[in-house]
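Just final25.cif here, mmCIF, C-alpha atoms and all ligand atoms:
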data_final
#
loop_
_atom_site.label_atom_id
_atom_site.label_comp_id
_atom_site.auth_asym_id
_atom_site.auth_seq_id
_atom_site.Cartn_x
_atom_site.Cartn_y
_atom_site.Cartn_z
CA MET A 800 0.00 0.00 0.00
CA ALA A 801 1.39 3.40 -0.98
CA PHE A 802 1.63 6.14 1.66
CA THR A 803 1.07 9.77 0.87
CA PHE A 804 2.90 12.31 2.98
CA LYS A 805 1.47 15.74 3.59
CA LYS A 806 3.97 18.59 3.43
CA GLN A 807 3.40 20.75 6.47
CA ILE A 808 4.75 24.22 6.98
CA PHE A 809 5.63 23.52 10.65
CA GLY A 810 7.64 20.45 9.68
CA PHE A 811 9.63 22.57 7.24
CA LEU A 812 10.34 25.17 9.93
CA ASP A 813 11.50 22.43 12.28
CA LEU A 814 13.92 21.25 9.63
CA LEU A 815 15.36 24.73 9.33
CA ARG A 816 15.75 25.00 13.12
CA PHE A 817 17.50 21.64 13.19
CA LYS A 818 20.00 22.76 10.54
CA LYS A 819 20.91 25.79 12.66
CA MET A 820 21.22 23.75 15.85
CA VAL A 821 24.56 22.16 15.04
CA PRO A 822 26.50 25.40 14.36
CA ARG A 823 24.82 26.99 17.42
CA ARG A 824 25.94 24.17 19.67
CA ARG A 825 29.45 24.27 18.28
CA ALA A 826 29.60 28.00 19.02
CA LYS A 827 28.41 27.44 22.61
CA LEU A 828 30.96 24.69 23.17
CA ALA A 829 33.71 26.95 21.85
CA GLU A 830 32.71 29.56 24.46
CA GLY A 831 33.24 27.05 27.30
CA SER A 832 36.31 26.99 29.56
CA PRO A 833 39.15 24.81 28.25
CA ALA A 834 40.08 23.86 31.88
CA PRO A 835 39.68 20.09 32.53
CA LEU A 836 36.80 18.97 34.76
CA PRO A 837 37.78 18.32 38.40
CA SER A 838 38.79 14.72 39.06
CA THR A 839 36.94 14.70 42.41
CA TYR A 840 34.02 16.64 43.81
CA ARG A 841 33.60 18.00 47.34
CA VAL A 842 30.33 16.14 47.91
CA ASN A 843 31.93 12.80 46.98
CA GLU A 844 34.92 13.51 49.21
CA THR A 845 32.59 14.29 52.15
CA ALA A 846 30.58 11.12 51.51
CA GLY A 847 33.84 9.12 51.42
CA VAL A 848 34.88 10.52 54.80
CA LEU A 849 31.48 9.92 56.39
CA HIS A 850 30.89 6.47 54.87
CA PRO A 851 34.23 4.83 54.06
CA GLY A 852 32.66 1.35 54.03
CA PHE A 853 35.40 -0.35 55.99
CA GLN A 854 38.40 1.14 57.72
CA SER A 855 41.18 -0.29 59.78
CA ALA A 856 41.17 0.36 63.52
CA LYS A 857 43.88 -0.09 66.14
CA LEU A 858 42.94 -1.44 69.55
CA ILE A 859 44.33 1.11 72.02
CA ALA A 860 42.71 0.16 75.35
CA VAL A 861 41.03 -2.83 76.97
CA VAL A 862 39.10 -2.40 80.23
CA GLN A 863 37.51 -5.31 82.08
CA ASN A 864 34.04 -4.25 83.27
CA THR A 865 32.80 -7.47 84.91
CA ALA A 866 33.98 -11.08 85.13
CA ASP A 867 32.79 -11.76 81.57
CA THR A 868 32.66 -8.32 79.94
CA LYS A 869 35.35 -6.07 78.53
CA THR A 870 35.29 -2.70 76.75
CA TYR A 871 37.60 -2.30 73.76
CA THR A 872 38.54 1.18 72.57
CA PHE A 873 39.80 1.61 69.01
CA GLU A 874 41.58 4.41 67.25
CA THR A 875 40.05 4.77 63.79
CA GLU A 876 41.71 6.00 60.61
CA ARG A 877 38.95 8.57 60.10
CA PRO A 878 36.36 10.11 62.42
CA PHE A 879 33.79 7.39 63.04
CA TYR A 880 30.46 9.28 63.04
CA PHE A 881 27.52 7.33 64.42
CA ARG A 882 24.26 7.78 66.30
CA ALA A 883 23.79 6.56 69.86
CA GLY A 884 22.26 3.07 69.71
CA GLN A 885 23.96 1.97 66.49
CA TYR A 886 26.22 -1.06 66.08
CA VAL A 887 29.31 -1.75 64.03
CA THR A 888 30.78 -4.86 62.45
CA LEU A 889 34.19 -5.66 63.90
CA GLY A 890 36.36 -8.09 61.99
CA CYS A 891 39.79 -9.70 61.88
CA LYS A 892 41.49 -12.92 60.83
CA VAL A 893 41.37 -15.76 63.32
CA GLU A 894 43.48 -18.80 62.42
CA GLY A 895 43.34 -17.86 58.75
CA SER A 896 39.55 -17.36 58.68
CA ALA A 897 37.96 -13.95 58.16
CA VAL A 898 35.63 -13.51 61.14
CA SER A 899 33.33 -10.62 61.98
CA ARG A 900 30.55 -9.84 64.38
CA PRO A 901 28.36 -6.83 65.12
CA TYR A 902 28.72 -5.09 68.47
CA ALA A 903 26.73 -2.21 69.92
CA ILE A 904 28.80 0.94 70.37
CA SER A 905 29.22 2.00 74.00
CA SER A 906 31.10 5.28 73.56
CA ALA A 907 29.51 8.71 73.11
CA PRO A 908 28.90 9.88 69.53
CA LYS A 909 31.10 12.89 70.31
CA ALA A 910 34.12 10.59 70.79
CA ALA A 911 34.07 10.12 67.02
CA LEU A 912 35.59 13.58 66.65
CA SER A 913 38.78 12.36 68.33
CA LYS A 914 38.78 9.18 66.20
CA ARG A 915 37.82 6.94 69.10
CA VAL A 916 35.09 4.32 69.35
CA SER A 917 34.44 1.79 72.12
CA LEU A 918 32.66 -1.55 71.95
CA THR A 919 31.60 -3.53 74.99
CA VAL A 920 31.73 -7.28 74.53
CA LYS A 921 30.41 -10.12 76.66
CA LYS A 922 32.39 -13.34 76.47
CA CYS A 923 30.16 -15.75 74.55
CA GLY A 924 30.42 -17.42 71.17
CA PHE A 925 33.45 -17.92 68.97
CA PHE A 926 34.55 -14.40 68.05
CA SER A 927 33.65 -12.72 71.37
CA GLY A 928 35.50 -15.49 73.20
CA TYR A 929 38.51 -14.97 70.94
CA LEU A 930 38.48 -11.23 71.66
CA PHE A 931 38.11 -11.77 75.38
CA ASP A 932 41.05 -14.16 75.60
CA ASN A 933 43.40 -12.83 72.93
CA ALA A 934 42.85 -9.22 71.84
CA LYS A 935 45.51 -6.84 73.10
CA GLU A 936 46.51 -3.22 72.62
CA GLY A 937 48.15 -2.62 69.25
CA ASP A 938 46.13 -5.32 67.43
CA LEU A 939 44.59 -4.27 64.12
CA PHE A 940 40.94 -4.87 63.19
CA THR A 941 38.48 -3.75 60.52
CA LEU A 942 35.43 -1.67 61.34
CA GLY A 943 32.42 -1.42 59.03
CA ASP A 944 30.26 1.67 58.82
CA PRO A 945 27.91 2.22 61.79
CA SER A 946 24.58 0.52 61.14
CA GLY A 947 21.16 -0.01 62.63
CA ASP A 948 18.19 2.16 63.51
CA PHE A 949 17.93 1.45 67.22
CA CYS A 950 18.21 5.19 67.83
CA TYR A 951 16.13 7.98 69.28
CA GLU A 952 14.04 9.62 66.54
CA PRO A 953 12.90 13.08 67.68
CA VAL A 954 10.12 13.24 65.07
CA LYS A 955 8.65 9.83 65.85
CA ASP A 956 9.47 9.05 69.46
CA ALA A 957 8.06 10.50 72.67
CA ARG A 958 10.21 13.00 74.56
CA HIS A 959 10.77 10.40 77.27
CA VAL A 960 12.53 7.09 76.57
CA ALA A 961 12.08 4.14 78.92
CA ALA A 962 15.10 1.95 78.16
CA LEU A 963 14.87 -1.73 79.14
CA ALA A 964 18.33 -3.27 79.29
CA GLY A 965 19.26 -6.86 80.11
CA GLY A 966 22.92 -7.76 80.83
CA SER A 967 25.23 -6.46 78.10
CA GLY A 968 22.13 -4.92 76.48
CA ILE A 969 23.02 -1.83 78.50
CA THR A 970 25.67 -0.94 75.88
CA PRO A 971 23.56 1.17 73.46
CA PHE A 972 21.83 2.89 76.38
CA TYR A 973 25.14 3.86 77.94
CA SER A 974 26.03 5.55 74.64
CA MET A 975 22.58 7.20 74.60
CA ALA A 976 22.93 8.41 78.19
CA GLN A 977 26.26 10.05 77.33
CA ALA A 978 24.65 11.66 74.27
CA VAL A 979 21.84 13.09 76.43
CA ALA A 980 24.33 14.28 79.07
CA ASP A 981 26.56 16.12 76.59
CA GLY A 982 23.64 17.64 74.68
CA THR A 983 23.96 15.59 71.48
CA GLU A 984 20.45 14.25 72.12
CA ASP A 985 17.57 16.08 73.76
CA HIS A 986 15.12 13.81 75.59
CA ALA A 987 14.51 12.34 79.01
CA LEU A 988 15.89 8.86 79.62
CA THR A 989 14.94 6.38 82.32
CA ILE A 990 17.04 3.22 82.15
CA PHE A 991 15.76 0.01 83.73
CA TYR A 992 18.85 -2.14 83.95
CA GLY A 993 18.34 -5.81 84.79
CA ALA A 994 21.16 -8.14 85.89
CA ARG A 995 21.49 -11.25 88.01
CA THR A 996 23.54 -9.65 90.78
CA GLU A 997 25.14 -6.30 91.57
CA ARG A 998 28.51 -7.64 90.40
CA ASP A 999 27.07 -8.27 86.93
CA LEU A 1000 26.16 -4.61 86.39
CA ILE A 1001 28.33 -3.07 83.67
CA PHE A 1002 29.05 0.70 83.80
CA ARG A 1003 27.50 1.02 87.28
CA LYS A 1004 29.78 3.88 88.35
CA GLU A 1005 29.67 5.58 84.95
CA LEU A 1006 25.87 5.45 84.81
CA ASP A 1007 25.51 6.80 88.35
CA ALA A 1008 27.77 9.71 87.37
CA LEU A 1009 25.41 10.60 84.51
CA VAL A 1010 22.24 10.74 86.62
CA SER A 1011 20.55 14.15 86.34
CA ASP A 1012 17.08 15.64 85.99
CA LYS A 1013 17.01 14.12 82.48
CA ILE A 1014 18.67 10.75 83.17
CA LYS A 1015 17.53 8.19 85.73
CA VAL A 1016 18.76 4.63 86.26
CA VAL A 1017 16.79 1.88 88.02
CA TYR A 1018 18.82 -1.24 88.77
CA VAL A 1019 16.84 -4.48 88.91
CA LEU A 1020 18.47 -7.62 90.35
CA SER A 1021 16.93 -11.03 89.68
CA ASP A 1022 19.15 -13.32 91.79
CA GLU A 1023 20.12 -11.12 94.74
CA GLN A 1024 18.23 -9.17 97.42
CA LYS A 1025 19.94 -5.89 98.27
CA GLU A 1026 18.87 -2.58 99.66
CA GLY A 1027 18.70 0.23 97.12
CA PHE A 1028 17.76 -2.06 94.21
CA GLU A 1029 14.56 -3.23 92.62
CA HIS A 1030 14.16 -7.00 92.44
CA GLY A 1031 12.78 -9.58 90.02
CA PHE A 1032 12.31 -8.68 86.36
CA ILE A 1033 11.49 -5.48 84.51
CA GLY A 1034 7.70 -5.53 84.31
CA ALA A 1035 4.67 -3.28 83.92
CA ASP A 1036 4.61 -2.48 87.66
CA LEU A 1037 8.15 -1.07 87.58
CA LEU A 1038 7.46 0.98 84.49
CA GLN A 1039 4.35 2.46 86.10
CA LYS A 1040 6.33 3.22 89.26
CA TYR A 1041 9.07 5.22 87.51
CA VAL A 1042 7.65 6.64 84.27
CA SER A 1043 4.40 8.40 83.46
CA GLY A 1044 2.86 10.40 80.65
CA GLU A 1045 3.87 9.61 77.09
CA TYR A 1046 7.01 7.56 76.58
CA THR A 1047 8.74 5.30 74.06
CA VAL A 1048 10.04 1.92 75.21
CA MET A 1049 13.36 0.78 73.74
CA MET A 1050 14.68 -2.64 74.74
CA CYS A 1051 17.95 -4.45 74.29
CA GLY A 1052 18.75 -7.78 75.89
CA PRO A 1053 18.33 -11.54 75.56
CA ALA A 1054 15.35 -13.18 73.82
CA ALA A 1055 13.91 -14.35 77.17
CA MET A 1056 13.77 -10.73 78.33
CA TYR A 1057 11.88 -9.73 75.17
CA ALA A 1058 9.34 -12.52 75.65
CA PHE A 1059 8.70 -11.41 79.25
CA ALA A 1060 8.64 -7.69 78.37
CA ASP A 1061 6.18 -8.24 75.50
CA LYS A 1062 3.63 -9.73 77.93
CA GLU A 1063 4.18 -6.96 80.46
CA LEU A 1064 3.93 -4.16 77.88
CA ALA A 1065 0.65 -5.65 76.64
CA LYS A 1066 -0.79 -4.84 80.09
CA LEU A 1067 0.09 -1.18 79.55
CA GLY A 1068 -1.63 -1.02 76.16
CA LEU A 1069 1.22 0.90 74.52
CA PRO A 1070 0.75 1.44 70.79
CA LEU A 1071 3.19 -0.57 68.62
CA ARG A 1072 4.93 2.58 67.40
CA ARG A 1073 6.01 3.27 71.00
CA VAL A 1074 8.02 0.03 71.34
CA LYS A 1075 11.42 -0.61 69.74
CA LYS A 1076 13.57 -3.71 70.06
CA GLU A 1077 17.21 -4.18 69.13
CA ALA A 1078 17.75 -7.34 67.04
CA ASN A 1079 19.75 -10.13 68.63
CA CYS A 1080 22.53 -12.07 66.93
CA THR A 1081 21.57 -15.63 66.05
CA GLY A 1082 23.21 -18.16 68.33
CA VAL A 1083 23.66 -21.91 68.38
CA ARG A 1084 20.61 -24.12 67.63
CA ASP A 1085 19.75 -26.82 70.13
CA VAL A 1086 19.46 -29.87 67.84
CA ALA A 1087 21.46 -33.07 67.35
CA ALA A 1088 24.82 -32.64 65.59
CA ALA A 1089 24.70 -33.35 61.84
CA THR A 1090 26.96 -32.28 59.02
CA HIS A 1091 25.61 -31.06 55.68
CA THR A 1092 27.45 -29.94 52.57
CA LEU A 1093 27.14 -26.43 51.18
CA THR A 1094 27.89 -25.83 47.51
CA VAL A 1095 28.64 -22.14 47.39
CA HIS A 1096 28.91 -19.97 44.27
CA ILE A 1097 30.65 -16.63 44.73
CA GLY A 1098 31.24 -14.79 41.48
CA PHE A 1099 32.74 -17.33 39.04
CA ASP A 1100 34.11 -19.54 41.85
CA THR A 1101 32.46 -22.55 43.48
CA TYR A 1102 33.36 -23.90 46.93
CA THR A 1103 32.30 -26.97 48.89
CA VAL A 1104 31.93 -26.29 52.60
CA PRO A 1105 30.87 -28.52 55.53
CA ALA A 1106 28.10 -27.07 57.72
CA ASP A 1107 27.01 -28.12 61.20
CA ALA A 1108 23.20 -28.26 61.58
CA ARG A 1109 23.53 -26.42 64.91
CA GLU A 1110 25.25 -23.37 63.42
CA THR A 1111 24.07 -20.84 60.89
CA VAL A 1112 25.00 -21.02 57.23
CA LEU A 1113 26.96 -17.78 57.66
CA THR A 1114 29.05 -19.30 60.45
CA ALA A 1115 29.87 -22.28 58.22
CA LEU A 1116 30.92 -19.99 55.37
CA GLU A 1117 33.17 -17.94 57.65
CA ARG A 1118 34.63 -21.02 59.28
CA ALA A 1119 35.66 -22.15 55.78
CA GLY A 1120 37.53 -18.87 55.31
CA LEU A 1121 35.09 -17.40 52.77
CA ASN A 1122 34.75 -13.64 52.80
CA VAL A 1123 30.99 -13.08 52.69
CA PRO A 1124 28.94 -9.95 53.43
CA ALA A 1125 27.32 -9.62 56.85
CA LYS A 1126 26.33 -6.86 59.24
CA CYS A 1127 23.57 -7.40 61.79
CA ARG A 1128 23.75 -11.24 61.89
CA ALA A 1129 20.14 -11.18 63.00
CA GLY A 1130 18.25 -11.31 59.69
CA GLY A 1131 17.35 -7.63 59.78
CA CYS A 1132 19.70 -5.67 57.51
CA GLY A 1133 19.59 -7.83 54.37
CA PHE A 1134 23.33 -7.43 53.85
CA CYS A 1135 23.94 -11.21 53.56
CA HIS A 1136 20.92 -11.72 51.25
CA SER A 1137 21.74 -14.84 49.12
CA LYS A 1138 19.98 -17.00 46.54
CA LEU A 1139 19.08 -20.55 47.49
CA VAL A 1140 19.44 -22.92 44.53
CA SER A 1141 18.42 -26.06 46.40
CA GLY A 1142 18.05 -27.49 49.89
CA ARG A 1143 16.15 -26.83 53.09
CA PHE A 1144 16.84 -24.52 56.02
CA THR A 1145 15.23 -23.26 59.23
CA ILE A 1146 15.12 -19.59 60.15
CA ALA A 1147 15.97 -18.60 63.72
CA GLY A 1148 13.11 -16.57 65.19
CA ALA A 1149 10.92 -14.40 63.00
CA ASP A 1150 11.31 -14.44 59.21
CA LYS A 1151 12.35 -10.85 58.45
CA ARG A 1152 12.73 -11.30 54.69
CA ARG A 1153 10.72 -9.23 52.24
CA LEU A 1154 7.80 -11.17 50.77
CA ALA A 1155 9.43 -11.07 47.32
CA ASP A 1156 12.65 -12.58 48.73
CA ALA A 1157 10.82 -15.52 50.23
CA LYS A 1158 8.81 -16.00 47.00
CA PHE A 1159 11.83 -15.95 44.68
CA GLY A 1160 14.11 -18.12 46.84
CA TYR A 1161 16.35 -15.61 48.62
CA PHE A 1162 17.35 -16.11 52.24
CA HIS A 1163 19.60 -14.70 54.94
CA PRO A 1164 22.49 -17.08 55.78
CA CYS A 1165 23.12 -15.19 59.04
CA CYS A 1166 19.94 -16.48 60.69
CA SER A 1167 19.36 -19.73 58.76
CA TYR A 1168 20.36 -23.20 59.92
CA PRO A 1169 20.92 -25.92 57.28
CA ASP A 1170 18.47 -28.86 57.39
CA SER A 1171 19.97 -30.59 54.33
CA ASP A 1172 22.76 -30.10 51.82
CA LEU A 1173 22.39 -26.64 50.29
CA GLU A 1174 23.45 -25.01 47.05
CA LEU A 1175 23.56 -21.22 47.23
CA ILE A 1176 24.74 -18.14 45.40
CA VAL A 1177 26.38 -15.64 47.74
CA PRO A 1178 27.25 -12.04 46.78
CA LYS A 1179 30.86 -10.93 46.95
CA ALA A 1180 31.80 -9.07 50.14
S1 LIG A 1201 23.75 -9.91 58.16
FE1 LIG A 1201 21.94 -8.68 58.33
S2 LIG A 1201 20.44 -9.91 57.39
FE2 LIG A 1201 22.18 -11.18 57.43
#
Give the structure from this file in structure tokens form.
Ligand code: FES
Amino acid sequence: MAFTFKKQIFGFLDLLRFKKMVPRRRAKLAEGSPAPLPSTYRVNETAGVLHPGFQSAKLIAVVQNTADTKTYTFETERPFYFRAGQYVTLGCKVEGSAVSRPYAISSAPKAALSKRVSLTVKKCGFFSGYLFDNAKEGDLFTLGDPSGDFCYEPVKDARHVAALAGGSGITPFYSMAQAVADGTEDHALTIFYGARTERDLIFRKELDALVSDKIKVVYVLSDEQKEGFEHGFIGADLLQKYVSGEYTVMMCGPAAMYAFADKELAKLGLPLRRVKKEANCTGVRDVAAATHTLTVHIGFDTYTVPADARETVLTALERAGLNVPAKCRAGGCGFCHSKLVSGRFTIAGADKRRLADAKFGYFHPCCSYPDSDLELIVPKA
């Protein structure tokens, strides 16, 4: 079929304009500066300083807080800016294997200005045990960027925070208390700090020194009766005794504490938006020992790795010396997000994957235990 084209006056004018466009552009380009473009830009340099990804850090001080807890202070290459309540991934090589673990930051955000950051570590598990027994001043480690959103949000949270801490779960709240005391954060803070005995309280003296009209600390002992302390567990009755009006509950501690606190908070009828929980690292699963085989694809390489059914897939990968991405180790950040090709696994606790991840076969090795041989595709760290 033959087409007939209509000649239109506007089309002709457009053609004329187009013919003039090339010489006009050439003239404009000729007017431009001949100086080369900058090789870096200020905004990128600032972003690089604030978010270097990983940096090396030298251990400069170790202080023993209790029988099983130590605080490690690191000197960082660059100022380590973070918000009170955040955690960081600390890593090093242990017997040839790259090992890392997230720890809550216990120092004040202001310490970042002097290139200092402190982490408080309870002796439990492989890496924490290694640190406790072996780390010494002068040792070099890697620090990831600060992560996590277990922080006070002035827009969303009430002006009063009721902090529920169990054992070493006091760490983020100690950082927060320092931030309130030095004016970095502006809110009231009542810390309910539960421990077995008085000797198990970390930062007792330091916390007492921070008490003011804005900061209060209530110590709660579960296994010891002593004057001047509350006793039992942190429940609704204690909250009602020490805090009133509108408040946000933030909690950090073991899973058993969360289970108890959930029931107690239900009695108070707090709206969900007023309760925040810090995620816990996934520990060892209580099942019979069994060894499975992981077939792991990273980039163009394939590895075969043994995996104990009691430990997470991530632990097996690290034990084999593979450098795989991880941050929270609790299924929350999605940093270890990997594709499952075949096999079965069990997730520790709640499944925090996006619906699409579960549907299309992605999982989080950090909180998944192998129930059979697995084949998986892991992103490069
Ligand atoms: S390391 Fe955060 S989800 Fe696995």
Calculate how many Å separate atom CA of A:Ala976 from atom CA of A:Glu952, rounding to one decimal.
-> 14.7 Å
Enter the distance from atom CA of A:Ser1137 to atom CA of A:Tyr1057, in Å, rounded to one decimal.
->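 Computing the Euclidean distance for atom CA of A:Ser1137 and atom CA of A:Tyr1057 yields 28.3 Å.
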Let me have the centre and edge lengths of the axis-aligned box enclosing all listed atoms of ligand LIG 1201 (chain A) with 8 Å padding on every side, in Å to one decimal, as lines of an AutoDock Vina configuration file.
center_x = 22.1
center_y = -9.9
center_z = 57.9
size_x = 19.3
size_y = 18.5
size_z = 16.9
Quick one: residues within 9 Å of A:Phe972, all atoms listed in the file counted, chain neighbours fewer than 4 positions away excluded, as a PDB file with C-alpha atoms, in the frame of the given file?
ATOM      1  CA  ALA A 883      23.790   6.560  69.860  1.00  0.00           C
ATOM      2  CA  GLY A 884      22.260   3.070  69.710  1.00  0.00           C
ATOM      3  CA  SER A 905      29.220   2.000  74.000  1.00  0.00           C
ATOM      4  CA  ALA A 962      15.100   1.950  78.160  1.00  0.00           C
ATOM      5  CA  LEU A 963      14.870  -1.730  79.140  1.00  0.00           C
ATOM      6  CA  ALA A 964      18.330  -3.270  79.290  1.00  0.00           C
ATOM      7  CA  GLY A 968      22.130  -4.920  76.480  1.00  0.00           C
ATOM      8  CA  ALA A 976      22.930   8.410  78.190  1.00  0.00           C
ATOM      9  CA  GLN A 977      26.260  10.050  77.330  1.00  0.00           C
ATOM     10  CA  ILE A 990      17.040   3.220  82.150  1.00  0.00           C
ATOM     11  CA  CYS A1051      17.950  -4.450  74.290  1.00  0.00           C
TER      12      CYS A1051
END
Distance of atom CA of A:Pro1070 from atom CA of A:Ala1054, expressed in Å to one decimal place =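 According to the coordinates, atom CA of A:Ala1054 and atom CA of A:Pro1070 are separated by 20.9 Å.
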Hey, which residues come within 6 Å of ligand LIG 1201 (chain A) if we count only C-alpha atoms and all ligand atoms? Could you give them as a list in words?
->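 Based on only C-alpha atoms and all ligand atoms, ligand LIG 1201 (chain A) is surrounded within 6 Å by Ala1125, Lys1126, Cys1127, Arg1128, Ala1129, Gly1130, Gly1131, Cys1132, Gly1133, Phe1134, Cys1135, His1163 and Cys1165 of chain A.
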Given only C-alpha atoms as the counted atoms, nearest of A:Pro837, A:Ala987, A:Tyr1018, A:Tyr902 to A:Gly1044 = A:Ala987
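Nearest-residue note for A:Thr1111: choosing from A:Tyr840, A:Phe1059, A:Phe931, A:Phe1144, the minimum distance belongs to A:Phe1144, counting all atoms listed in the file.
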From the set A:Gln1039, A:Ser913, A:Ser946, A:Ser896, which residue has the shortest atom-to-atom contact distance to A:Leu1121, counting only C-alpha atoms?
->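 Looking only at the distances to A:Leu1121, the closest residue turns out to be A:Ser896.
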